[in-house]
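Colleague: I have a structure I would like to understand better, so I am pasting it below and will then ask my questions one at a time.
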Amino acid sequence: MLSTSVNVATGKTYTVAGMGPASGLRLQILKDKLITPHGKSLVRVIQASLQQHKVTVSTGGNVIARDLAFAAVTPYQTVAAGTWNVHAAGESSNAAQSIKLAAGTIHTLVILDDPGHITIDNLVDAAGSRVLPAGAAATGFGGTAPVPGSSPVPWLLTAAAGLLVTVAGIARLRKSRAALRMR
Amino acid sequence: MTKSAGRHAAARRGAGPPRQRHRRLRPVSRRGAVAVLLCGLLAVGTGACGLAIASRSGHAASPVGRPTLVPVPRGQAAPVPQPSDGEKVARPAILTIPSIGVRSRLLKLGVTSSGALQVPASTSTAGWYTFSPRPGAIGSSIIAGHIDSRTGPGVFYRLRFMAQGARVYVKRTDGSLAVFRVTAKHLYPKAHFPTADVYGPAPTPQLRLITCGGTFDPATGHYLSNVIVFATLIK
């Protein structure tokens with residue numbers, strides 16, 4: 001049984017890698033990343049081959065890991081999105097693989113041993129949207145939204161003015177009746 | 001009222017000879033008084049009616065009612081494709097959320113010319129954002145739907161009532177089924193939309209359901225907030 005201790009923080013992600021031959025396996029804690037630069041992919045390399053002591057890994061001619069020793073891990077590196085021919089070169093064995101690195105994805109490439117040669121294992125650490133939409137989503141037209149009642153003020157004013165006019169009318173009516181009686 | 005006022009004004013201005021004015025004053029005055037009285041009563045009545053209508057014109061949010069009964073879909077759960085290619089997962093076809101009565105085929109959504117999330121052309125159908133991971137693949141898959149149309153509820157009308165632990169089913173074009181469990185639901189002001197949390201990379205297969213919520217602004221014709229439900233794949 002293998003054990004190790006690790007401090008983990010909320011909102012962070014980690015990879016636990018078992019490295020070495022079956023007889024001497026060690027656990028290694030790797031900090032993962034969850035943010036990619038806009039329109040790019042992030043890639044790191046874990047050198048886990050015991051056959052080859054130093055491995056150099058390149059994507060389409062760009063070296064992303066040079067002379068990486070066993071159990072060494074590169075930091076995440078920004079790679080333009082696309083399908084890349086990834087090449088791993090050891091001292092006596094090579095491997096090549098076509099790998100799709102979509103924008104918004106984070107990968108770990110693990111160099112492993114197969115009988116007689118090395119291989120590249122492509123792991124997706126995390127994936128997001130290839131295109132990040134700007135701002136919020138306009139997903140409503142308001143047909144079920146509560147509607148505030150219209151203002152009662154103009155109606156109140158109308159009623160109050162009407163009351164005044166009514167009072168004036170009554171007064172005038174009385175006056176005219178009084179005038180009639182006097183005649 | 002205006003007629004009698006005019007007559008009075010004309011009388012005061014002394015438009016006619018004084019003799020005439022004197023003779024006419026009494027009957028006009030009485031008729032005028034009645035007219036003023038009627039106008040006043042009319043205005044009081046109008047004001048009262050207006051008040052009654054104004055107090056009734058507002059209404060609260062539409063009644064919720066019961067969601068439609070939707071059967072839990074069946075299908076083979078496809079294994080999560082780790083390592084590599086999310087495109088080995090089939091495209092999503094049908095969304096089912098039994099707890100809020102949603103069953104909708106999924107339209108394909110992109111981005112608008114201004115770069116915003118395209119929303120479904122129909123308010124009764126949800127859509128999958130095609131630049132996001134496919135449901136069941138690693139990462140957060142995005143599904144958006146309307147809360148309402150101009151006249152009534154939309155496909156995600158009840159999204160805001162979803163509870164933690166509720167199940168969300170996505171049937172894919174190959175007949176396989178992805179089952180998600182709701183982990184959180186939040187209301188975000190649109191001015192502070194959490195782009196990274198919604199569209200950014202996630203290390204496991206997850207789902208984000210998006211609709212509108214909060215206050216509706218009649219001036220712009222838009223809600224001021226977004227409701228977002230976060231869910232994670234369970235099989």
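Ordering of the structure tokens sets the chain letters (A, B, ...); residue numbers start at 1 within each chain; ligands are numbered from 1 in the order shown.
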As a PyMOL selection string, please: every residue in segment 56-219 of chain B that a backbone DSSP assignment puts in strand (DSSP E).
Modeller: chain B and resi 92-97+102-109+126-129+139-144+167-172+177-189+205-217
Colleague: Using only C-alpha atoms, which residues of chain A come within 7 Å of chain B, and what is the closest atom pair for each, with the distance in Å to one decimal? Give it as a tab-separated table, sorted by chain and residue number.
Modeller:
```
residue	atom	partner	partner_atom	distance
A:Leu34	CA	B:Pro201	CA	5.6
A:Ile35	CA	B:Pro201	CA	6.4
A:Gly104	CA	B:Pro201	CA	6.3
A:Thr105	CA	B:Pro201	CA	6.5
A:Asn122	CA	B:Ser84	CA	5.9
A:Leu123	CA	B:Pro83	CA	4.6
A:Val124	CA	B:Ser84	CA	5.5
A:Asp125	CA	B:Pro203	CA	5.5
A:Ala126	CA	B:Pro203	CA	3.9
A:Ala127	CA	B:Pro201	CA	4.3
A:Gly128	CA	B:Pro201	CA	3.7
A:Ser129	CA	B:Ser132	CA	4.0
A:Arg130	CA	B:Phe131	CA	5.2
A:Val131	CA	B:Phe131	CA	5.9
A:Leu132	CA	B:Tyr199	CA	6.2
A:Pro133	CA	B:Ala116	CA	4.8
A:Ala134	CA	B:Ala116	CA	4.6
A:Gly135	CA	B:Phe193	CA	6.2
A:Ala136	CA	B:Lys190	CA	5.3
A:Ala137	CA	B:Leu117	CA	5.8
A:Ala138	CA	B:His222	CA	6.8
A:Thr139	CA	B:His146	CA	4.3
A:Gly140	CA	B:His146	CA	5.1
A:Phe141	CA	B:Ser149	CA	4.9
A:Gly142	CA	B:Arg150	CA	5.7
A:Gly143	CA	B:Arg150	CA	4.0
A:Thr144	CA	B:Ser62	CA	5.2
A:Ala145	CA	B:Ala61	CA	5.1
A:Pro146	CA	B:Ala61	CA	4.2
A:Val147	CA	B:Gly58	CA	5.0
A:Pro148	CA	B:Gly58	CA	4.7
A:Gly149	CA	B:Gly58	CA	3.6
A:Ser150	CA	B:Ala54	CA	5.3
A:Ser151	CA	B:Ala54	CA	6.7
A:Pro152	CA	B:Leu51	CA	5.6
A:Trp155	CA	B:Gly47	CA	4.4
A:Leu156	CA	B:Gly47	CA	5.9
A:Thr158	CA	B:Gly47	CA	5.1
A:Ala159	CA	B:Val44	CA	4.0
A:Ala160	CA	B:Val44	CA	6.9
A:Gly162	CA	B:Gly40	CA	4.0
A:Leu163	CA	B:Gly40	CA	5.9
A:Val165	CA	B:Gly40	CA	4.6
A:Thr166	CA	B:Gly40	CA	4.2
A:Gly169	CA	B:Leu37	CA	4.1
A:Ile170	CA	B:Leu37	CA	6.2
A:Arg172	CA	B:Ala33	CA	5.2
A:Leu173	CA	B:Ala33	CA	5.1
A:Ser176	CA	B:Arg30	CA	5.5
```
Colleague: Quick check, in Å to one decimal: how far apart do atom CA of Pro37 of chain A and atom CA of Ala80 of chain A lie?
Modeller: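 For atom CA of Pro37 of chain A relative to atom CA of Ala80 of chain A, the distance reads 9.8 Å.
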Colleague: Take atom CA of Lys12 of chain A and atom CA of Leu233 of chain B and report the distance between them in Å, one decimal.
Modeller: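 Interatomic distance here is 19.3 Å.
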Colleague: For a test of reading the model, state the distance in Å between atom CA of Leu95 of chain B and atom CA of Lys171 of chain B, rounded to one decimal.
Modeller: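 One can read the atom CA of Leu95 of chain B to atom CA of Lys171 of chain B distance as 6.5 Å.
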Colleague: I need the residue nearest Val89 of chain B from this list: B:Gly75, B:Gly165, B:Gly175, B:Gly136. Use only C-alpha atoms for the distance.
Modeller: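 Nearest candidate to Val89 of chain B out of B:Gly75, B:Gly165, B:Gly175, B:Gly136: B:Gly136.
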